[in-house]
Each structure stands twice: as C-alpha cells, then as structure tokens.
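Engineer: To start, I am sharing the structure in question, which I have written as structure tokens.
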2 protein chains.
Amino acid sequence: MDELLEGLLDLSRAGATSLTSRLAGQLRSLISEGHLKSGRRLPSSRALAARLNVSRNTVTQAIEQLAAEGYLDVSQSRRPVVAAGASLLTTRQRGDVARDVSARPRLSAWGRKLAKSNWPPVYRDLPRPFQPGLADEREFPRDIWGRCLRHAANRRFRWSNFTVNDPTLQDALLKHLATHRGISARAEQIIVVPSAQAALTLIARVMIDVGDVAWIESPGYSGAYAASFAAGAKVVGVPIDADGLRIASNSQPPKIIFVTPSHQYPTGKLMPIGCRLELLRFARSVGAAIIEDDYDGEFHYEGRPVAALAAIDPDALVFYVGTFAKSMSADIRVGYVIVPQSMAPTFVLAQRHLGLLAAATLQSALAEFIERGTYLSHLRRMTRLYGDRRDCLVRVLAEEAGRRLAVDVPAGGMQLLVRYVGPTDDRSLSRRLLEAGVVTRPLSEMLHHRSRERGLFLGFAAWTEAELTAGARLIGRHIR
Amino acid sequence: MDELLEGLLDLSRAGATSLTSRLAGQLRSLISEGHLKSGRRLPSSRALAARLNVSRNTVTQAIEQLAAEGYLDVSQSRRPVVAAGASLLTTRQRGDVARDVSARPRLSAWGRKLAKSNWPPVYRDLPRPFQPGLADEREFPRDIWGRCLRHAANRRFRWSNFTVNDPTLQDALLKHLATHRGISARAEQIIVVPSAQAALTLIARVMIDVGDVAWIESPGYSGAYAASFAAGAKVVGVPIDADGLRIASNSQPPKIIFVTPSHQYPTGKLMPIGCRLELLRFARSVGAAIIEDDYDGEFHYEGRPVAALAAIDPDALVFYVGTFAKSMSADIRVGYVIVPQSMAPTFVLAQRHLGLLAAATLQSALAEFIERGTYLSHLRRMTRLYGDRRDCLVRVLAEEAGRRLAVDVPAGGMQLLVRYVGPTDDRSLSRRLLEAGVVTRPLSEMLHHRSRERGLFLGFAAWTEAELTAGARLIGRHIR
C-alpha cells in the first residue's frame with residue numbers, strides 16, 4: 001500500500017513552488033480524486049520522507065497544511081488518516097447529488113426582468129457625437145485633480161473608515177450649493193454615494209415599500225425608472241407639458257415624485273415657479289417625497305442658474321440629488337443627496353447597510369478641488385464652452401434639417417431634444433444614424449406613457465464645434 | 001402703485017452680487033411673499049431703471065431671469081405681469097394645504113426598522129484597540145498609492161464611462177487570485193463595486209425575491225444579515241460547530257447561503273474540506289447559491305492560505321466576494337465579486353441599475369498597484385506583522401485572563417474571538433470596557449440563533465504589540 005502511495009507521488013518536476021507545496025498539492029489531489037479514500041492511513045512522516053528522499057520537515061509541513069484544510073486527521077502519536085468526506089469524486093458520484101436543472105438557482109424576478117431593460121444604452125467603441133450625458137473629458141484639468149488625489153492619499157494618517165461621509169467635503173459642497181443653487185442645509189444632511197444612480201437607489205429603498213407608486217416624468221430619465229422599479233415600486237410615467245408635470249390626483253397617490261426641474265430630462269425645459277409651487281403643494285397634500293435630480297444644473301446659459309426646488313420651501317420633503325460625473329468627469333463617480341435633517345441618521349445607516357460608500361480618498365480630494373476654487377472656475381469655463389456648442393448645434397441643425405426637426409433650445413445642460421415633425425420611427429432612424437457614425441437616443445425610448453411624440457436626444461457638451469457640425473450634417477443627410 | 005414697488009426695492013446695500021441679481025432677488029422675494037400679487041403689472045423696464053437709478057440693461061436682465069423662472073409673464077410689447085401661482089405665501093395660506101402629520105411621507109417598512117439595527121457598531125472618537133475590521137493604516141504605503149492615483153488621473157485621455165469594470169483591474173486581480181486563492185475565472189466575471197457590502201447588496205438583489213430564505217452563519221457577520229434583509233429575505237442564522245455550518249434540511253431550503261470559509265467570522269476557524277464539500281453538495285441539491293466572503297483570506301499565518309471554496313468545484317454556483325479595504329486601507333473602499341460566467345451580463349446591468357460603481361480612477365490605480373508588485377509585498381509584510389500581533393495578543397490574554405477567557409486562536413485574519421468561561425453578560429462587559437478605553441464586540445451581538453455562547457471579539461491587526469498588551473491588561477483587570 002505504501003509503495004502505491006509512493007508511486008503516485010512525484011516531486012521531481014521542477015517548478016516555482018516549494019517541495020512542501022508540491023507534496024501538499026499532490027496529496028490533496030489524490031484525496032479529492034478518490035485515490036486515497038477516507039480512513040486510509042498514510043505512512044509515518046519519517047517513512048514518507050525517506051522514500052521520497054526529502055527532508056522530514058517538508059513532509060511534516062505538508063501534512064500540517066492538509067490537516068488544517070481538513071483533508072487529513074492527525075493525532076499526536078499516530079500516523080495521519082484521510083478524513084471522512086474529503087473526496088470530491090465520491091461526492092460527485094453519490095446518488096444524492098441533484099444534477100436536476102430545476103434545482104439550479106434562479107435569478108430573482110427583478111434579475112430576470114433586467115435583460116429586457118433598454119437602459120442604460122451601451123455603445124461599442126469610443127463615444128461619438130452625440131452620446132448624451134458626457135462631459136468633455138479633454139477639457140478636464142487632470143493635472144490638478146491628480147495632485148488633489150495624491151494629497152488626499154498622503155494626507156496625515158487618518159482613521160477615516162467610520163466617517164462614511166467626509167465632513168470636509170460636506171462643508172465645501174454646502175458652501176458651493178448655498179451660493180450657486182440657493183440651498184440651505186446642514187453639512188450632515190449631505191450623503192455622499194458612488195453615483196447619482198446610487199442616490200436614487202438609496203432614496204427608493206428607504207422610502208418605497210413593494211407596490212408603492214413612484215411618479216417619473218414622461219418623457220423622462222430611465223435611470224429613475226430603473227431605481228424605483230428595483231425597489232419594488234409601481235412606476236407611473238406622468239406626461240409633461242410646457243409647464244412641467246401634468247398632475248392628476250385621481251389615481252393612487254405617489255409615494256415619491258422624480259423630477260428634473262432645472263433642465264427637464266430630456267426636453268431641457270426649466271420648470272416655472274408656478275409649477276414648482278404646485279408640485280410642492282401637491283406632494284405635501286398626498287404625503288409624497290420629491291426627488292429633485294439636478295444632474296447638470298450647474299450649466300446654465302441664459303441668465304443665472306435658477307434656485308433649486310429644494311431651496312424654495314425648506315419645510316418640503318425634497319431630496320436634492322447631484323453628481324460630479326457631469327460637472328467634472330465620468331471617471332470620478334461620486335454623487336450625493338441632501339436629505340431632510342430628521343432623516344439624516346436613517347440615511348447614513350441605510351447607506352452602510354447597502355454599502356453605498358464613496359472612497360474616503362476621493363471625497364477628500366474633491367473637498368480640496370472645491371476649496372481651492374478649481375471646481376468653480378472649471379464650471380465657469382465649461383459653461384461658456386458648452387453654451388457656444390449648444391448654439392453651434394442648434395444653428396447647424398436648423399440649416400441642415402430645419403424642415404423636419406424642431407429643436408427645443410434648452411436654457412442649460414449638456415444635451416438637447418429635437419422633435420420630429422410628422423410621424424416617423426425614431427428607433428430605426430437612430431439605428432441608421434448609429435451605423436453612419438453618430439449616436440442619438442430616440443425620444444420614444446424615453447417615453448413612459450403612451451404618446452406619439454418622436455424625436456432624437458443629442459448630447460453636445462463633449463464635442464468640438466467641428467465635430468458637432470459634421471455630426472449635424474450627417475443627420476441632415478439622413479433626414480432629407 | 002409703482003411708487004410702492006419702488007419703495008420696496010432697495011439696491012443700495014453693497015454686496016458681492018451684481019446689481020442685476022440683487023434686483024432679481026428682491027423682486028423674487030416680493031412675488032413669493034405675496035407683496036406683488038398675480039396679475040400685477042410692473043412698470044416698464046425703462047421707467048423702473050430711471051426710478052431705481054440703474055441702467056436699463058440691469059432691469060431687462062433681471063426681468064428676463066424672473067421670466068425664465070416663471071415668476072413673470074412677458075410678451076414682446078407689453079409690461080411684465082406677475083405670473084399666476086407664483087406666490088409661495090398664498091400657497092401656504094391656502095386651505096387645501098394638508099399640514100396634517102398623517103400625510104407626511106413615511107419611511108418604508110425597512111427604513112423604519114433600520115433604527116433598531118445594532119449593526120454597524122459606531123464608536124466615537126478615533127479607533128482604539130481592539131476595534132475589529134481595521135487594517136493598520138500607519139503601515140500602508142501611502143506614497144506609492146498616491147503616485148498610482150496620480151498616474152491614473154493623468155493617464156492618457158480616456159472615455160471610461162462605459163466600462164464600469166476596468167479590464168486592466170480585472171486582469172491584474174484575476175492573476176493575483178489565480179496564484180494565491182486558486183481561483184480560475186474569466187476577467188469579465190469580476191464585478192468591481194464600492195465596498196464588499198455593496199457586493200452583498202448586488203448579489204442579494206439579483207438572487208432574492210421577497211420571502212426567500214437566506215442562511216447566514218451564527219455567530220456570523222451581521223453585514224450579511226443586513227444585506228439579505230434589505231433585499232427582503234427571511235434571514236435564518238444557522239449554528240456553526242467545529243466543522244462549520246450545521247446543515248439541517250428539514251426547514252424551507254435556502255436561496256443563498258453566506259459563509260466565511262477562510263476564517264469564519266467571528267470564530268476565525270477554517271472550514272475543513274469535508275465540510276466544504278458537504279456544503280457544495282447541499283447547495284447544489286436545493287438549488288442554493290453560496291456567497292463566499294473572503295474578507296481577509298489574504299492574511300494566513302499557519303501554512304499557506306487555503307484555496308477558496310470557489311476554486312474547489314468550478315461547476316458550483318459560488319459568488320466569491322473580496323475587498324481591498326482590509327488588505328490595503330479602509331480609505332480605498334473598493335470591493336468585488338466574482339460571479340458565474342453565465343450571469344456576468346446580468347450582474348453588470350444590475351450594477352448599473354443600482355449605481356454600484358467604483359470610480360474609474362481608483363480601479364486604474366489599483367491595477368497599477370497590483371501589477372507593480374506592491375500589493376503582494378504589502379500583503380506579505382502585513383502577514384508577518386499581523387501574525388506576530390496575533391501571537392502577542394493570545395499570549396498576553398492567556399497571562400491576564402486565561403482562567404476566564406478561552407481564546408479561539410485563528411489560523412489567519414485580523415481578529416480573534418475569546419469565549420467567556422461561565423455565564424456572563426458580554427454586552428455590559430463590553431460597555432464597561434469601552435468606558436475604560438478599549439473597544440470590543442460582544443459575541444452575543446453576532447449570534448443569529450438562540451445560544452448561550454458569550455465572549456468578546458477583538459481586532460488585533462491595527463495595533464502595535466505595546467498597544468495590544470496595554471489593552472489586554474485592561475481586559476484582564478476588568479475580568480478578574
């Protein structure tokens with residue numbers, strides 16, 4: 001028997017690993033493949049060492065390792081024994097192993113539905129005009145950002161793991177938002193998360209029970225649909241007209257209402273104050289919370305940016321969501337939400353239970369980037385640049401396709417909606433344009449109610465005027 | 001009337017803001033506070049400019065801004081009119097505003113239960129011995145990490161927003177895991193998320209329907225309880241004995257089984273191979289998925305680290321979860337999960353729908369940190385250091401409190417469990433120790449089934465031998 005074992009072991013092959021791990025590895029395989037069965041007693045380490053011509057220490061260490069892993073039972077005075085149940089082969093051959101496909105784990109109902117979602121759209125290759133939602137990464141001051149990151153990493157030894165939301169970032173952001181968005185809050189109300197989408201997930205999970213109604217704008221941001229749906233909400237698309245949400249109170253009242261009042265997504269329209277007040281009033285009357293997604297509210301080209309909804313009525317239950325992915329770079333992926341003060345402790349707990357944490361290093365670097373004024377000067381420079389790009393795209397589209405496309409000129413933001421005059425299939429138009437080299441998002445994919453509106457959603461912020469002009473001409477050729 | 005308006009406006013106060021924004025701000029307040037009511041016609045811009053002694057341009061711009069916000073209606077030829085519904089005061093005084101507390105938005109059932117959770121424990125002030133789960137931040141090579149971050153930020157212009165999981169990090173991590181944890185997978189199976197907890201959230205959401213059963217070890221990691229519970233699971237604590245989970249198949253079969261086979265949390269025990277195989281067999285037979293949380297599997301002090309559960313049976317449905325928060329620094333907050341290949345596209349979609357994204361800059365910096373070898377050499381150095389610290393703590397605890405405390409010496413990891421011999425209230429003991437200056441986690445707070453086991457969970461990795469010795473002596477004084 002011992003000769004058999006000896007014959008099965010071969011330590012002669014050279015390799016990067018030590019003799020000990022080679023011996024342990026081979027013994028492990030012999031046991032798991034069933035060549036050494038449960039109860040089989042091995043030779044003594046002294047005998048095995050002699051026959052394999054290795055030091056006794058090598059054998060002892062390998063046996064200790066396998067005993068630790070449970071392959072062998074060892075006792076002080078006796079030779080090691082192969083442990084019960086250590087054979088993988090035996091396992092696989094046993095009749096009680098259900099190989100039945102029906103016993104394969106299934107995804108959750110939500111998991112199974114994910115495959116049918118058309119959001120987010122994924123484009124192969126590098127981004128091209130007019131992929132929406134992108135800042136111009138070429139204009140981002142990467143050198144300064146890199147220095148801020150390095151400072152953050154080198155900053156004096158800190159134990160930061162328990163402050164999931166960095167107070168220095170909360171303070172810097174609050175000062176910025178007070179000046180530029182009219183928001184007044186306390187620093188601890190700012191919850192810093194890995195993306196604006198994570199903020200929506202967090203709010204939905206804390207506010208929504210399965211079956212609750214969530215309102216989103218239609219046309220509207222599909223990410224809000226996705227986050228509410230993931231939390232189990234019944235999501236209702238509420239049509240928007242020139243003044244914003246067409247509030248109808250005859251159906252089941254909503255628990256949350258998702259809106260984009262600075263620049264409606266995708267129409268780019270500013271929600272007028274009358275509509276804002278009506279929305280606040282309605283939400284209060286039915287006990288709904290409002291999620292104000294100010295995804296690109298920093299970029300406003302006509303007049304000054306309008307005060308956030310959250311700034312109008314401090315008593316209202318408004319969750320203000322923002323992100324650095326649009327104002328700085330998609331690389332950064334830090335979002336935040338300002339929650340009502342009474343809810344802040346609950347939100348920090350929820351954030352930890354769900355693991356929605358932004359790296360401390362990133363938060364600290366962002367605080368420096370804001371405090372040294374680079375954030376604001378970058379915003380100002382991009383506002384001028386993006387404004388010019390908007391004008392350029394509007395002008396060329398009018399020249400190239402003015403008869404068939406009506407442009408909703410947005411007061412700000414990073415993209416615009418062109419509506420098709422007359423019936424068309426905007427999905428197939430968008431597909432043809434993609435083949436021709438430009439990315440567009442069909443309006444019909446952003447509708448969450450039955451509607452015949454058709455059009456294309458075009459991002460303009462990330463491309464130069466030359467790139468925009470070429471792209472708009474291409475659209476013109478396909479439409480004429 | 002115009003004189004009244006003029007009397008209400010006061011542009012004389014100096015300030016940082018421009019005349020235009022001061023004028024717009026004051027008009028906005030007058031409208032929202034109800035001093036200028038709906039339908040009220042303002043003077044012409046020429047007249048207003050003359051009376052206020054400012055340029056007409058200032059007035060025109062202020063009026064355009066308020067028109068954009070919806071406070072004023074303007075038409076080409078006529079004087080501006082205060083818009084309908086623009087008064088906040090009127091809103092508040094209207095009878096239909098429900099001030100009723102019952103209409104206040106309520107948290108979800110989950111949100112309301114959060115306040116009762118005792119996880120995660122939060123300690124004020126700086127961390128002290130023996131707070132579990134902390135790496136020694138003082139030993140982390142921040143300078144090299146800072147350089148990696150800066151390189152990542154400066155790396156040639158990339159459009160990274162569509163690769164939510166950086167292929168360079170996936171490749172580097174895979175190579176590391178293949179060598180050191182025996183895992184074989186494809187790069188695209190690695191999903192990179194903002195924390196290990198986010199990985200648990202992601203898996204639970206994709207696999208669990210409301211009411212499904214999730215098994216966790218007892219005593220066990222409360223974060224696994226939290227993530228499963230957040231997804232709507234019925235969480236069952238399964239007692240562990242010397243060999244691991246005590247599998248009982250007479251109850252509702254689980255959909256997911258959460259285990260920590262490398263170093264059981266909190267006992268530190270290695271799950272023997274026989275038990276690993278039995279677990280894989282059982283999971284397969286009932287169609288359950290296994291979550292293998294290898295939170296600190298890198299640090300193993302006796303023999304070599306044991307191959308991961310995910311490496312034993314490539315056909316099994318195992319989600320392997322890891323994190324850089326323990327192996328590098330809590331600052332970094334990047335976790336990952338290796339998912340079965342067939343599920344990878346679904347997990348990437350789920351990751352985007354929930355917003356569980358890790359910053360591209362961090363991912364790129366981590367890839368460099370691993371590829372240049374710094375990660376491995378840091379792990380090796382910390383393994384030696386933490387091993388010595390473990391030995392030190394075990395020794396001093398035996399000297400100081402050996403009669404009352406039995407130490408489960410862990411084969412690896414960053415913390416150890418001491419069991420109290422005889423009945424005691426470990427919660428109040430832990431509270432007294434906290435007041436005296438050391439942090440401990442009572443075993444009873446980590447039990448998820450009825451059990452009389454009592455003890456203290458002590459982190460040893462983050463403190464020097466002098467700090468550990470002082471802390472252990474303090475425990476000894478309180479226990480004797």
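Chain labels run A, B, ... following the order of the structure tokens; each chain numbers its residues from 1, and ligands are numbered from 1 in the order shown.
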Env of stretch 245-260 of chain A: 8 Å cut, atoms = only C-alpha atoms, seq-sep filter 5 positions within chain, self excluded. Answer as number ranges by chain.

Structural biologist: A: 207-208, 212-217, 224, 238-240, 265, 275, 279, 283, 286-295; B: 105

Engineer: Go ahead and write the residues just picked, C-alpha atoms, as a PDB file, in the first residue's frame.

Structural biologist:
ATOM      1  CA  MET A 207     -38.944  55.423   1.118  1.00  0.00           C
ATOM      2  CA  ILE A 208     -40.590  52.732  -1.021  1.00  0.00           C
ATOM      3  CA  ASP A 212     -45.945  51.896  -3.677  1.00  0.00           C
ATOM      4  CA  VAL A 213     -46.366  54.285  -6.583  1.00  0.00           C
ATOM      5  CA  ALA A 214     -43.434  56.283  -7.943  1.00  0.00           C
ATOM      6  CA  TRP A 215     -44.031  59.061 -10.464  1.00  0.00           C
ATOM      7  CA  ILE A 216     -41.469  59.851 -13.075  1.00  0.00           C
ATOM      8  CA  GLU A 217     -41.649  62.420 -15.842  1.00  0.00           C
ATOM      9  CA  ALA A 224     -35.164  56.956 -12.250  1.00  0.00           C
ATOM     10  CA  VAL A 238     -46.611  61.302 -15.824  1.00  0.00           C
ATOM     11  CA  PRO A 239     -46.808  63.322 -19.061  1.00  0.00           C
ATOM     12  CA  ILE A 240     -45.165  66.716 -19.023  1.00  0.00           C
ATOM     13  CA  TYR A 265     -34.594  65.425 -18.960  1.00  0.00           C
ATOM     14  CA  CYS A 275     -45.453  74.708 -11.470  1.00  0.00           C
ATOM     15  CA  LEU A 279     -45.757  70.405  -7.249  1.00  0.00           C
ATOM     16  CA  ALA A 283     -46.603  66.466  -2.775  1.00  0.00           C
ATOM     17  CA  VAL A 286     -50.601  63.452  -0.539  1.00  0.00           C
ATOM     18  CA  GLY A 287     -47.558  62.832   1.647  1.00  0.00           C
ATOM     19  CA  ALA A 288     -45.169  62.276  -1.243  1.00  0.00           C
ATOM     20  CA  ALA A 289     -41.453  62.918  -1.235  1.00  0.00           C
ATOM     21  CA  ILE A 290     -39.915  64.781  -4.179  1.00  0.00           C
ATOM     22  CA  ILE A 291     -36.631  63.692  -5.709  1.00  0.00           C
ATOM     23  CA  GLU A 292     -35.052  66.676  -7.449  1.00  0.00           C
ATOM     24  CA  ASP A 293     -32.337  65.425  -9.768  1.00  0.00           C
ATOM     25  CA  ASP A 294     -30.121  68.402 -10.558  1.00  0.00           C
ATOM     26  CA  TYR A 295     -27.831  66.297 -12.746  1.00  0.00           C
TER      27      TYR A 295
ATOM     28  CA  PRO B 105     -44.164  60.800   3.922  1.00  0.00           C
TER      29      PRO B 105
END

Engineer: Could you name the residues that touch stretch 390-401 of chain A at 12 Å or less, counting only C-alpha atoms, but leaving out those on the same chain fewer than 5 positions away, as a VMD selection string?

Structural biologist: chain A and resid 129 to 130 268 299 to 302 382 to 385 406 to 421 456 458 to 480

Engineer: DSSP on the backbone, strand (DSSP E or B) only: what residues of stretch 319-374 of chain A does that give? Format it as a list in words.

Structural biologist: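 Checking each residue of stretch 319-374 of chain A, the strand (DSSP E or B) ones are Phe319, Tyr320, Val321, Gly322, Thr323, Gly335, Tyr336, Val337 and Ile338 of chain A.
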
Engineer: Measure the distance from atom CA of A:Ala242 to atom CA of A:Ser285 in Å and round it to one decimal.

Structural biologist: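 Computed distance, atom CA of A:Ala242 to atom CA of A:Ser285, equals 23.3 Å.
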
Engineer: Identify all chain A residues at most 6 Å from chain B by counting only C-alpha atoms; ligands do not count. Present them as a PyMOL selection string.

Structural biologist: chain A and resi 65+69-71+85-86+97-98+103-105+107-108+111+142+146+150+153-154+161+195+197-198+201+206-209+226+272-274+285-288+303+330-333+353-355+359-361

Engineer: Would you kindly return, as a list in words, each protein, DNA or RNA residue with an atom no farther than 9 Å from any atom of A:Ile370, considering only C-alpha atoms and excluding same-chain residues fewer than 5 positions away?

Structural biologist: Leu169, Ala172, Leu173, His176, Ala365, Tyr375 and Leu376 of chain A

Engineer: Tell me which protein, DNA and RNA residues are within 10 Å of A:Asp426, counting only C-alpha atoms, leaving out same-chain ones fewer than 4 positions away, and put them as a PyMOL selection string.

Structural biologist: chain A and resi 419-420+430-432+440-445+453-456

Engineer: Could you write out the selected residues, including C-alpha atoms, as a compact mmCIF listing (two decimals), in the first residue's frame?

Structural biologist:
# COMPACT_ATOMS: atom_id res chain seq x y z
CA ARG A 419 -38.64 66.67 -32.24
CA TYR A 420 -39.55 65.09 -35.49
CA SER A 430 -31.42 56.23 -34.57
CA ARG A 431 -30.14 52.79 -35.61
CA ARG A 432 -29.36 54.01 -39.12
CA THR A 440 -28.52 59.51 -30.81
CA ARG A 441 -31.14 58.40 -28.33
CA PRO A 442 -34.67 58.01 -29.75
CA LEU A 443 -37.29 60.01 -27.84
CA SER A 444 -39.69 57.06 -27.93
CA GLU A 445 -37.32 55.12 -25.63
CA GLU A 453 -44.02 62.09 -29.75
CA ARG A 454 -40.95 61.18 -31.72
CA GLY A 455 -37.51 62.72 -31.84
CA LEU A 456 -33.83 62.41 -31.09

Engineer: Find, counting only C-alpha atoms, the residue in B:Gly322, B:Gly39, B:Gly437, B:Gly422 that gets nearest to B:Leu174.

Structural biologist: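 Closest residue, counting only C-alpha atoms: B:Gly322.
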
Engineer: Of the candidates B:Phe324, B:Phe369, B:Phe457, B:Phe319, which shows the shortest atom-to-atom distance to B:Ile190, using only C-alpha atoms?

Structural biologist: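 Distance minimum relative to B:Ile190 lands on B:Phe319.
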